[in-house]
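**Student:** This one is target-v8.pdb, PDB, C-alpha atoms.
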```
ATOM      1  CA  MET T  29       0.000   0.000   0.000
ATOM      2  CA  THR T  30       1.426   3.401  -0.930
ATOM      3  CA  ASN T  31       2.199   5.910   1.813
ATOM      4  CA  VAL T  32       0.717   8.782  -0.202
ATOM      5  CA  VAL T  33      -2.815   9.399   1.092
ATOM      6  CA  SER T  34      -5.291  10.423  -1.595
ATOM      7  CA  LYS T  35      -9.054  10.530  -2.143
ATOM      8  CA  ILE T  36     -10.935   9.087  -5.104
ATOM      9  CA  VAL T  37     -14.507  10.034  -5.931
ATOM     10  CA  ARG T  38     -17.118   8.722  -8.308
ATOM     11  CA  TYR T  39     -19.572  11.442  -9.241
ATOM     12  CA  GLN T  40     -22.245  12.629 -11.632
ATOM     13  CA  THR T  41     -22.499  15.858 -13.622
ATOM     14  CA  ALA T  42     -24.688  16.874 -16.539
ATOM     15  CA  ALA T  43     -22.065  15.251 -18.781
ATOM     16  CA  GLY T  44     -22.351  11.842 -17.105
ATOM     17  CA  ILE T  45     -20.618   9.702 -14.483
ATOM     18  CA  SER T  46     -16.866   9.885 -13.918
ATOM     19  CA  TYR T  47     -14.121   9.026 -11.469
ATOM     20  CA  GLY T  48     -11.640  11.603 -10.257
ATOM     21  CA  SER T  49      -9.151  12.518  -7.573
ATOM     22  CA  LEU T  50     -10.221  14.941  -4.861
ATOM     23  CA  GLU T  51      -7.719  17.579  -3.806
ATOM     24  CA  GLY T  52      -9.174  19.901  -1.186
ATOM     25  CA  GLU T  53     -12.501  20.992  -2.657
ATOM     26  CA  THR T  54     -11.502  20.352  -6.286
ATOM     27  CA  ILE T  55     -12.060  17.200  -8.323
ATOM     28  CA  ARG T  56      -9.568  16.374 -11.075
ATOM     29  CA  GLU T  57     -11.545  14.371 -13.639
ATOM     30  CA  TRP T  58     -10.359  11.000 -14.924
ATOM     31  CA  LYS T  59     -10.946   9.188 -18.180
ATOM     32  CA  GLY T  60     -11.370   5.493 -17.415
ATOM     33  CA  ASP T  61     -12.258   3.538 -14.312
ATOM     34  CA  LEU T  62     -11.027   3.069 -10.762
ATOM     35  CA  PHE T  63      -7.949   1.067 -11.724
ATOM     36  CA  HIS T  64      -7.172   2.184 -15.293
ATOM     37  CA  HIS T  65      -7.421   5.908 -15.948
ATOM     38  CA  SER T  66      -5.740   9.120 -16.989
ATOM     39  CA  GLU T  67      -6.499  12.741 -16.149
ATOM     40  CA  THR T  68      -8.581  14.691 -18.663
ATOM     41  CA  GLY T  69      -7.446  18.114 -17.472
ATOM     42  CA  VAL T  70     -11.023  19.013 -16.493
ATOM     43  CA  THR T  71     -11.702  20.060 -12.896
ATOM     44  CA  HIS T  72     -14.932  20.463 -10.924
ATOM     45  CA  PRO T  73     -15.703  22.118  -7.600
ATOM     46  CA  LEU T  74     -16.777  19.395  -5.191
ATOM     47  CA  SER T  75     -19.932  21.356  -4.422
ATOM     48  CA  SER T  76     -21.003  21.229  -8.081
ATOM     49  CA  VAL T  77     -21.236  17.439  -8.454
ATOM     50  CA  LYS T  78     -23.405  14.615  -7.149
ATOM     51  CA  LEU T  79     -21.297  12.109  -5.204
ATOM     52  CA  LEU T  80     -22.082   8.470  -5.952
ATOM     53  CA  VAL T  81     -21.101   5.194  -4.289
ATOM     54  CA  PRO T  82     -17.340   5.454  -4.933
ATOM     55  CA  CYS T  83     -16.964   2.232  -6.936
ATOM     56  CA  THR T  84     -19.077  -0.397  -8.707
ATOM     57  CA  PRO T  85     -18.370  -3.667  -6.869
ATOM     58  CA  GLY T  86     -18.970  -7.111  -8.267
ATOM     59  CA  LYS T  87     -20.018  -8.258  -4.816
ATOM     60  CA  ILE T  88     -20.344  -7.070  -1.240
ATOM     61  CA  LEU T  89     -19.335  -9.156   1.752
ATOM     62  CA  CYS T  90     -19.922  -8.278   5.384
ATOM     63  CA  VAL T  91     -18.812  -9.742   8.686
ATOM     64  CA  GLY T  92     -21.025  -9.977  11.757
ATOM     65  CA  ARG T  93     -19.988 -10.015  15.404
ATOM     66  CA  ASN T  94     -16.537  -8.532  14.858
ATOM     67  CA  TYR T  95     -16.279  -6.193  17.872
ATOM     68  CA  GLU T  96     -16.483  -7.503  21.419
ATOM     69  CA  SER T  97     -18.605  -4.476  22.296
ATOM     70  CA  HIS T  98     -21.242  -5.740  19.830
ATOM     71  CA  MET T  99     -21.346  -9.238  21.290
ATOM     72  CA  ALA T 100     -23.584  -8.301  24.265
ATOM     73  CA  GLY T 101     -22.195 -11.084  26.428
ATOM     74  CA  ARG T 102     -22.154 -13.726  23.698
ATOM     75  CA  GLN T 103     -19.067 -15.838  23.119
ATOM     76  CA  ASN T 104     -16.730 -14.484  20.473
ATOM     77  CA  PRO T 105     -16.960 -16.334  17.153
ATOM     78  CA  LYS T 106     -14.267 -18.885  16.316
ATOM     79  CA  ARG T 107     -14.012 -17.670  12.714
ATOM     80  CA  PRO T 108     -15.205 -14.611  10.775
ATOM     81  CA  GLU T 109     -18.988 -14.826  10.311
ATOM     82  CA  MET T 110     -19.286 -13.626   6.722
ATOM     83  CA  PHE T 111     -22.441 -12.953   4.738
ATOM     84  CA  LEU T 112     -23.372 -11.418   1.391
ATOM     85  CA  LYS T 113     -25.175  -8.114   0.877
ATOM     86  CA  SER T 114     -26.847  -7.294  -2.430
ATOM     87  CA  ILE T 115     -25.459  -4.778  -4.916
ATOM     88  CA  SER T 116     -28.947  -3.257  -5.150
ATOM     89  CA  SER T 117     -28.756  -2.257  -1.472
ATOM     90  CA  LEU T 118     -26.102   0.385  -2.214
ATOM     91  CA  GLN T 119     -26.936   4.037  -1.624
ATOM     92  CA  ASN T 120     -25.084   7.296  -2.311
ATOM     93  CA  GLN T 121     -23.825   9.945   0.045
ATOM     94  CA  ASP T 122     -26.693  12.259   1.151
ATOM     95  CA  ASP T 123     -29.383  10.078  -0.464
ATOM     96  CA  PRO T 124     -32.029   8.553   1.817
ATOM     97  CA  ILE T 125     -32.205   5.215   3.533
ATOM     98  CA  VAL T 126     -35.771   4.280   2.645
ATOM     99  CA  ILE T 127     -37.457   2.124   5.279
ATOM    100  CA  PRO T 128     -39.654  -0.330   3.389
ATOM    101  CA  ASN T 129     -43.260  -1.080   4.209
ATOM    102  CA  GLY T 130     -43.447  -3.638   6.990
ATOM    103  CA  ALA T 131     -39.979  -2.896   8.392
ATOM    104  CA  ALA T 132     -40.456  -1.771  11.989
ATOM    105  CA  ASN T 133     -36.999  -2.087  13.550
ATOM    106  CA  VAL T 134     -34.280  -0.828  11.178
ATOM    107  CA  HIS T 135     -30.940  -0.159  12.903
ATOM    108  CA  TYR T 136     -27.850   1.782  11.828
ATOM    109  CA  GLU T 137     -24.511  -0.066  11.660
ATOM    110  CA  GLY T 138     -21.503   2.176  11.048
ATOM    111  CA  GLU T 139     -18.567   0.283   9.546
ATOM    112  CA  LEU T 140     -15.142   0.592   7.976
ATOM    113  CA  VAL T 141     -15.303  -0.777   4.419
ATOM    114  CA  LEU T 142     -12.386  -2.221   2.450
ATOM    115  CA  VAL T 143     -12.060  -1.793  -1.318
ATOM    116  CA  LEU T 144     -10.161  -4.638  -2.983
ATOM    117  CA  GLY T 145      -7.467  -3.848  -5.530
ATOM    118  CA  LYS T 146      -6.235  -7.342  -6.413
ATOM    119  CA  ARG T 147      -7.753 -10.736  -7.097
ATOM    120  CA  LEU T 148      -7.521 -12.982  -4.046
ATOM    121  CA  LYS T 149      -7.875 -16.756  -4.046
ATOM    122  CA  LYS T 150      -6.643 -18.856  -1.107
ATOM    123  CA  ALA T 151      -4.518 -15.921  -0.024
ATOM    124  CA  SER T 152      -2.260 -15.669   3.003
ATOM    125  CA  ARG T 153      -2.714 -12.810   5.485
ATOM    126  CA  GLU T 154       0.296 -11.090   3.936
ATOM    127  CA  GLU T 155      -1.104 -11.393   0.417
ATOM    128  CA  ALA T 156      -4.494 -10.209   1.641
ATOM    129  CA  GLU T 157      -3.073  -7.112   3.282
ATOM    130  CA  THR T 158      -1.364  -6.011   0.059
ATOM    131  CA  ALA T 159      -4.679  -6.445  -1.813
ATOM    132  CA  ILE T 160      -6.411  -3.616   0.070
ATOM    133  CA  PHE T 161      -6.711  -0.822  -2.483
ATOM    134  CA  GLY T 162      -8.403   1.690  -0.222
ATOM    135  CA  LEU T 163     -10.827   2.414   2.573
ATOM    136  CA  THR T 164     -14.290   3.908   2.646
ATOM    137  CA  ILE T 165     -17.266   4.083   5.012
ATOM    138  CA  GLY T 166     -20.461   2.056   5.107
ATOM    139  CA  ASN T 167     -23.754   1.839   6.970
ATOM    140  CA  ASP T 168     -24.987  -1.775   7.002
ATOM    141  CA  ALA T 169     -28.550  -0.826   7.893
ATOM    142  CA  CYS T 170     -30.600  -3.814   8.999
ATOM    143  CA  ASP T 171     -34.121  -4.685  10.107
ATOM    144  CA  ARG T 172     -33.588  -6.649  13.339
ATOM    145  CA  ASP T 173     -37.047  -8.219  13.272
ATOM    146  CA  TRP T 174     -36.463  -9.665   9.803
ATOM    147  CA  GLN T 175     -33.035 -10.793  10.959
ATOM    148  CA  HIS T 176     -33.829 -12.362  14.350
ATOM    149  CA  GLY T 177     -37.548 -11.899  15.084
ATOM    150  CA  PRO T 178     -40.284 -14.553  15.207
ATOM    151  CA  ASP T 179     -41.078 -13.960  11.521
ATOM    152  CA  LYS T 180     -37.431 -14.001  10.386
ATOM    153  CA  ASP T 181     -36.430 -15.333   6.980
ATOM    154  CA  MET T 182     -34.259 -18.413   6.403
ATOM    155  CA  GLN T 183     -31.552 -16.015   5.179
ATOM    156  CA  TRP T 184     -30.980 -12.277   5.727
ATOM    157  CA  TRP T 185     -32.007 -11.236   2.224
ATOM    158  CA  ARG T 186     -34.648  -8.768   3.442
ATOM    159  CA  ALA T 187     -32.986  -7.764   6.693
ATOM    160  CA  LYS T 188     -29.620  -6.847   5.150
ATOM    161  CA  SER T 189     -30.326  -6.259   1.465
ATOM    162  CA  PHE T 190     -33.459  -4.170   1.041
ATOM    163  CA  ASP T 191     -33.024  -1.290  -1.397
ATOM    164  CA  THR T 192     -30.961   1.660  -0.030
ATOM    165  CA  CYS T 193     -29.859  -0.145   3.165
ATOM    166  CA  GLY T 194     -26.184  -0.084   2.168
ATOM    167  CA  PRO T 195     -24.888   3.485   1.931
ATOM    168  CA  VAL T 196     -21.174   3.666   1.052
ATOM    169  CA  GLY T 197     -18.950   6.725   0.624
ATOM    170  CA  PRO T 198     -18.334   9.566   0.363
ATOM    171  CA  TRP T 199     -15.017   8.580  -1.280
ATOM    172  CA  ILE T 200     -12.212   6.041  -1.226
ATOM    173  CA  VAL T 201      -9.029   6.911   0.645
ATOM    174  CA  THR T 202      -5.849   5.202  -0.537
ATOM    175  CA  GLY T 203      -2.500   5.062   1.245
ATOM    176  CA  LEU T 204      -4.161   4.720   4.659
ATOM    177  CA  GLY T 205      -3.988   1.542   6.724
ATOM    178  CA  PRO T 206      -7.141   0.121   8.345
ATOM    179  CA  ARG T 207      -5.727   0.012  11.883
ATOM    180  CA  ASP T 208      -6.113   2.597  14.650
ATOM    181  CA  LEU T 209      -8.964   4.580  13.091
ATOM    182  CA  MET T 210     -11.714   5.953  15.338
ATOM    183  CA  LEU T 211     -15.247   5.199  14.121
ATOM    184  CA  ARG T 212     -18.160   7.317  15.319
ATOM    185  CA  THR T 213     -21.797   7.030  14.331
ATOM    186  CA  ARG T 214     -24.138   9.926  15.088
ATOM    187  CA  LEU T 215     -27.929   9.804  15.074
ATOM    188  CA  ASN T 216     -29.374  13.312  14.791
ATOM    189  CA  GLY T 217     -26.031  14.686  15.994
ATOM    190  CA  GLU T 218     -25.711  12.425  19.043
ATOM    191  CA  VAL T 219     -22.785   9.984  19.147
ATOM    192  CA  VAL T 220     -24.290   6.477  19.348
ATOM    193  CA  GLN T 221     -21.269   4.360  18.344
ATOM    194  CA  GLU T 222     -17.604   5.050  19.083
ATOM    195  CA  GLN T 223     -14.709   2.611  18.839
ATOM    196  CA  SER T 224     -11.281   2.151  17.265
ATOM    197  CA  THR T 225     -10.731  -0.285  14.419
ATOM    198  CA  ASN T 226      -7.893  -1.677  16.565
ATOM    199  CA  ASP T 227     -10.666  -3.463  18.483
ATOM    200  CA  LEU T 228     -11.791  -5.708  15.625
ATOM    201  CA  ILE T 229     -11.914  -9.346  16.751
ATOM    202  CA  PHE T 230     -10.658 -10.430  13.301
ATOM    203  CA  ASP T 231      -8.460  -7.826  11.647
ATOM    204  CA  CYS T 232      -8.772  -6.882   7.986
ATOM    205  CA  PRO T 233      -6.084  -9.198   6.530
ATOM    206  CA  THR T 234      -7.612 -12.101   8.466
ATOM    207  CA  LEU T 235     -11.082 -11.364   7.063
ATOM    208  CA  LEU T 236      -9.802 -11.265   3.496
ATOM    209  CA  SER T 237      -7.565 -14.307   3.803
ATOM    210  CA  PHE T 238     -10.295 -16.398   5.420
ATOM    211  CA  THR T 239     -12.935 -15.416   2.858
ATOM    212  CA  SER T 240     -10.586 -16.058  -0.068
ATOM    213  CA  GLN T 241     -10.161 -19.689   0.976
ATOM    214  CA  TYR T 242     -13.753 -20.301  -0.162
ATOM    215  CA  MET T 243     -14.722 -17.419  -2.465
ATOM    216  CA  THR T 244     -12.513 -15.614  -4.964
ATOM    217  CA  LEU T 245     -12.391 -11.868  -4.300
ATOM    218  CA  ASP T 246     -11.975  -9.464  -7.205
ATOM    219  CA  PRO T 247     -10.795  -5.878  -7.652
ATOM    220  CA  GLY T 248     -13.529  -3.446  -6.655
ATOM    221  CA  ASP T 249     -15.282  -5.830  -4.247
ATOM    222  CA  LEU T 250     -16.386  -4.255  -0.958
ATOM    223  CA  ILE T 251     -15.926  -5.850   2.458
ATOM    224  CA  PHE T 252     -17.779  -4.382   5.444
ATOM    225  CA  THR T 253     -15.651  -5.111   8.535
ATOM    226  CA  GLY T 254     -18.263  -5.106  11.313
ATOM    227  CA  THR T 255     -20.035  -2.651  13.597
ATOM    228  CA  PRO T 256     -19.223  -1.834  17.235
ATOM    229  CA  ASN T 257     -21.303  -1.289  20.367
ATOM    230  CA  VAL T 258     -25.080  -1.566  20.624
ATOM    231  CA  THR T 259     -27.158  -0.436  17.662
ATOM    232  CA  LYS T 260     -30.555   1.241  17.850
ATOM    233  CA  LYS T 261     -33.557   1.918  15.675
ATOM    234  CA  MET T 262     -33.660   4.657  13.064
ATOM    235  CA  SER T 263     -36.936   6.381  12.219
ATOM    236  CA  PRO T 264     -38.178   8.501   9.309
ATOM    237  CA  GLY T 265     -36.946  12.059   9.810
ATOM    238  CA  ASP T 266     -33.658  10.968  11.380
ATOM    239  CA  THR T 267     -30.211  11.666   9.950
ATOM    240  CA  VAL T 268     -27.422   9.156  10.461
ATOM    241  CA  GLU T 269     -23.746  10.013  10.017
ATOM    242  CA  VAL T 270     -20.824   7.595  10.131
ATOM    243  CA  GLU T 271     -17.459   9.298  10.578
ATOM    244  CA  ILE T 272     -14.122   7.487  10.419
ATOM    245  CA  GLU T 273     -10.912   9.240  11.341
ATOM    246  CA  ASN T 274      -8.816  10.371   8.351
ATOM    247  CA  ILE T 275     -11.470   9.198   5.882
ATOM    248  CA  GLY T 276     -14.538  11.436   6.199
ATOM    249  CA  THR T 277     -18.241  11.332   7.019
ATOM    250  CA  LEU T 278     -20.985   9.330   5.326
ATOM    251  CA  ARG T 279     -24.338  11.079   5.795
ATOM    252  CA  ASN T 280     -27.855   9.858   4.975
ATOM    253  CA  PRO T 281     -31.360  10.960   5.924
ATOM    254  CA  VAL T 282     -33.945   8.323   6.817
ATOM    255  CA  VAL T 283     -37.357   8.322   5.162
ATOM    256  CA  ALA T 284     -40.397   6.068   4.938
ATOM    257  CA  GLU T 285     -41.322   4.291   1.724
TER     258      GLU T 285
END
```
Here is a file; write its structure as structure tokens.

**Tutor:**
Amino acid sequence: MTNVVSKIVRYQTAAGISYGSLEGETIREWKGDLFHHSETGVTHPLSSVKLLVPCTPGKILCVGRNYESHMAGRQNPKRPEMFLKSISSLQNQDDPIVIPNGAANVHYEGELVLVLGKRLKKASREEAETAIFGLTIGNDACDRDWQHGPDKDMQWWRAKSFDTCGPVGPWIVTGLGPRDLMLRTRLNGEVVQEQSTNDLIFDCPTLLSFTSQYMTLDPGDLIFTGTPNVTKKMSPGDTVEVEIENIGTLRNPVVAE
């Protein structure tokens, strides 16, 4: 991983969707994609564009129960408890988390998210660590009743993958390691989650290495690394912000369907 810290955005203007590098409040437009690009020479003020989910992943994986503070007295897992989240759950910075009809207990889950830069198959921890392209922020919003309630589904397809329940952004930061970053989630301005990524039960290289033993990971894939502390319900009219030190703040309003 390079030591030069930089920010990459994916954004929309009247001319279409582009990637670019963010320097201060100015975007330097790219021609190409996240991994193969050149500068066009065009610049945009950050305030003039619509920020989008900062990459287009082939798949999204998440890990549950990866902070002791989230275990609520349960025994720590013996291995990373991975699950899939749908691509259609993704949502942009500042766009709403839409609570679907029938969902009565949707919680926020602020998380550090890894962006893969290399293909991983049966990788060692060392190989996995070098495959981290960058870091971004996610909110793995979830309906707890659909996940664990008396009318729960066989799998978490509704609970964890309803449309808009996976905000990611506002950008990707490269050149920054995933350790020792403070994560804070705020609900209507009040801090409701606060913990360092040093406190992950399974660190990021372990998550990637373990997952790659069974499922090939590809460049652009997103891996949510787990949420700390106790989560609580969000309601229409709320605003949830997930801030991670040296990365930024992911912000989304909450609305009813």

**Student:** Exactly which residues make up the result of the PyMOL selection byres ((chain T and resi 208) around 12) on this file, given as a JSON list (two decimals) with C-alpha atoms, in the frame of the given file?

**Tutor:**
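And here is the file that came out, expr-v5.json:
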```json
[["chain", "number", "residue", "atom", "x", "y", "z"],
["T", 140, "LEU", "CA", -15.14, 0.59, 7.98],
["T", 204, "LEU", "CA", -4.16, 4.72, 4.66],
["T", 205, "GLY", "CA", -3.99, 1.54, 6.72],
["T", 206, "PRO", "CA", -7.14, 0.12, 8.35],
["T", 207, "ARG", "CA", -5.73, 0.01, 11.88],
["T", 209, "LEU", "CA", -8.96, 4.58, 13.09],
["T", 210, "MET", "CA", -11.71, 5.95, 15.34],
["T", 211, "LEU", "CA", -15.25, 5.20, 14.12],
["T", 223, "GLN", "CA", -14.71, 2.61, 18.84],
["T", 224, "SER", "CA", -11.28, 2.15, 17.26],
["T", 225, "THR", "CA", -10.73, -0.28, 14.42],
["T", 226, "ASN", "CA", -7.89, -1.68, 16.57],
["T", 227, "ASP", "CA", -10.67, -3.46, 18.48],
["T", 228, "LEU", "CA", -11.79, -5.71, 15.62],
["T", 231, "ASP", "CA", -8.46, -7.83, 11.65],
["T", 232, "CYS", "CA", -8.77, -6.88, 7.99],
["T", 272, "ILE", "CA", -14.12, 7.49, 10.42],
["T", 273, "GLU", "CA", -10.91, 9.24, 11.34],
["T", 274, "ASN", "CA", -8.82, 10.37, 8.35]]
```

**Student:** Would you please work out which residue, of T:Ile55, T:Ile127, T:Val37, T:Ala42, is nearest to T:Arg186 when using all atoms listed in the file?

**Tutor:** T:Ile127

**Student:** For T:Met99, please output as a short mmCIF file (atom, residue, chain, number, x, y, z; two decimals) with C-alpha atoms, in the frame of the given file all residues within 9 Å (counting only C-alpha atoms; exclusion window: fewer than 4 positions along the same chain).

**Tutor:**
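Below is the file that was written, part_37.cif:
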```
data_model
loop_
_atom_site.label_atom_id
_atom_site.label_comp_id
_atom_site.auth_asym_id
_atom_site.auth_seq_id
_atom_site.Cartn_x
_atom_site.Cartn_y
_atom_site.Cartn_z
CA ARG T 93 -19.99 -10.02 15.40
CA ASN T 94 -16.54 -8.53 14.86
CA TYR T 95 -16.28 -6.19 17.87
CA GLN T 103 -19.07 -15.84 23.12
CA ASN T 104 -16.73 -14.48 20.47
CA PRO T 256 -19.22 -1.83 17.24
CA ASN T 257 -21.30 -1.29 20.37
CA VAL T 258 -25.08 -1.57 20.62
#
```

**Student:** Which residues match the PyMOL selection byres ((chain T and resi 237) around 8) in the file above, as number ranges by chain?

**Tutor:** T: 148, 150-153, 155-156, 233-236, 238-241

**Student:** Find the residues near T:Ala43: any atom within 12 Å, counting only C-alpha atoms, skip ones fewer than 6 places away on the same chain, and give them as a list in words.

**Tutor:**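 Within the cut-off, the hits are Glu57, Val70, His72, Val77 and Lys78 of chain T.
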
**Student:** Just so the selection is clear, what residues does the PyMOL selection byres ((chain T and resi 215) around 12) cover here, as a VMD selection string?

**Tutor:** chain T and resid 135 to 138 212 to 214 216 to 221 259 to 271 278 to 282

**Student:** Select, from T:Thr192, T:Gly145, T:Asp249, T:Val134, the residue with the minimum atom-to-atom distance to T:Asp173, counting only C-alpha atoms.

**Tutor:** T:Val134

**Student:** Which residue, T:Ile165, T:Leu245, T:Ala100, T:Val201, has the smallest gap to T:Lys35 when you use all atoms listed in the file?

**Tutor:**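 Distance minimum relative to T:Lys35 lands on T:Val201.
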
**Student:** T:Gly52, T:Gly101, T:Gly276, T:Gly86: which is nearest T:Ser116, counting all atoms listed in the file?

**Tutor:**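 Among the listed residues, the smallest separation from T:Ser116 belongs to T:Gly86.
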
**Student:** Record the distance separating atom CA of T:Asp61 and atom CA of T:Ile125, expressed in Å with one decimal.

**Tutor:**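 Going from atom CA of T:Asp61 over to atom CA of T:Ile125 covers 26.8 Å.
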
**Student:** Please work out which residues fall within 8 Å of (-12.3, 0.7, -8.8), coordinates as given in the file, with all atoms listed in the file counting, and return them as a list of chain:residue names.

**Tutor:**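 Taken together, the residues in range are T:Asp61, T:Leu62, T:Phe63, T:Pro82, T:Cys83, T:Thr84, T:Pro85, T:Val143, T:Gly145, T:Pro247, T:Gly248.
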
**Student:** May I have the residues from that selection written out with C-alpha atoms, as a CSV table (one decimal), in the frame of the given file?

**Tutor:**
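File part-v4.csv, as written:
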```csv
chain,number,residue,atom,x,y,z
T,61,ASP,CA,-12.3,3.5,-14.3
T,62,LEU,CA,-11.0,3.1,-10.8
T,63,PHE,CA,-7.9,1.1,-11.7
T,82,PRO,CA,-17.3,5.5,-4.9
T,83,CYS,CA,-17.0,2.2,-6.9
T,84,THR,CA,-19.1,-0.4,-8.7
T,85,PRO,CA,-18.4,-3.7,-6.9
T,143,VAL,CA,-12.1,-1.8,-1.3
T,145,GLY,CA,-7.5,-3.8,-5.5
T,247,PRO,CA,-10.8,-5.9,-7.7
T,248,GLY,CA,-13.5,-3.4,-6.7
```

**Student:** Please provide the set of residues having any atom within 8 Å of T:Gln121, restricted to only C-alpha atoms, with same-chain residues fewer than 3 positions apart removed, written as a ChimeraX atom specification.

**Tutor:** /T:79-81,195-198,278-280

**Student:** Would you compute the distance between atom CA of T:Ile200 and atom CA of T:Asn120? Give it in Å to one decimal.

**Tutor:**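 Separation between atom CA of T:Ile200 and atom CA of T:Asn120: 13.0 Å.
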
**Student:** Pick from T:Phe111, T:Tyr242, T:Phe161, T:Trp199: nearest to T:Glu51, with all atoms listed in the file counted?

**Tutor:**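 Residue with the minimum atom-to-atom distance to T:Glu51: T:Trp199.
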
**Student:** Point out the residue among T:Val126, T:Leu112, T:Glu154, T:Thr41 with the least atom-to-atom distance to T:Gln183, counting only C-alpha atoms.

**Tutor:**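 Comparing T:Val126, T:Leu112, T:Glu154, T:Thr41 against T:Gln183, the winner is T:Leu112.
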
**Student:** If you measure from atom CA of T:Ile88 to atom CA of T:Phe252, what distance in Å do you get, rounded to one decimal?

**Tutor:**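 Atom-to-atom, atom CA of T:Ile88 to atom CA of T:Phe252, that is 7.6 Å.
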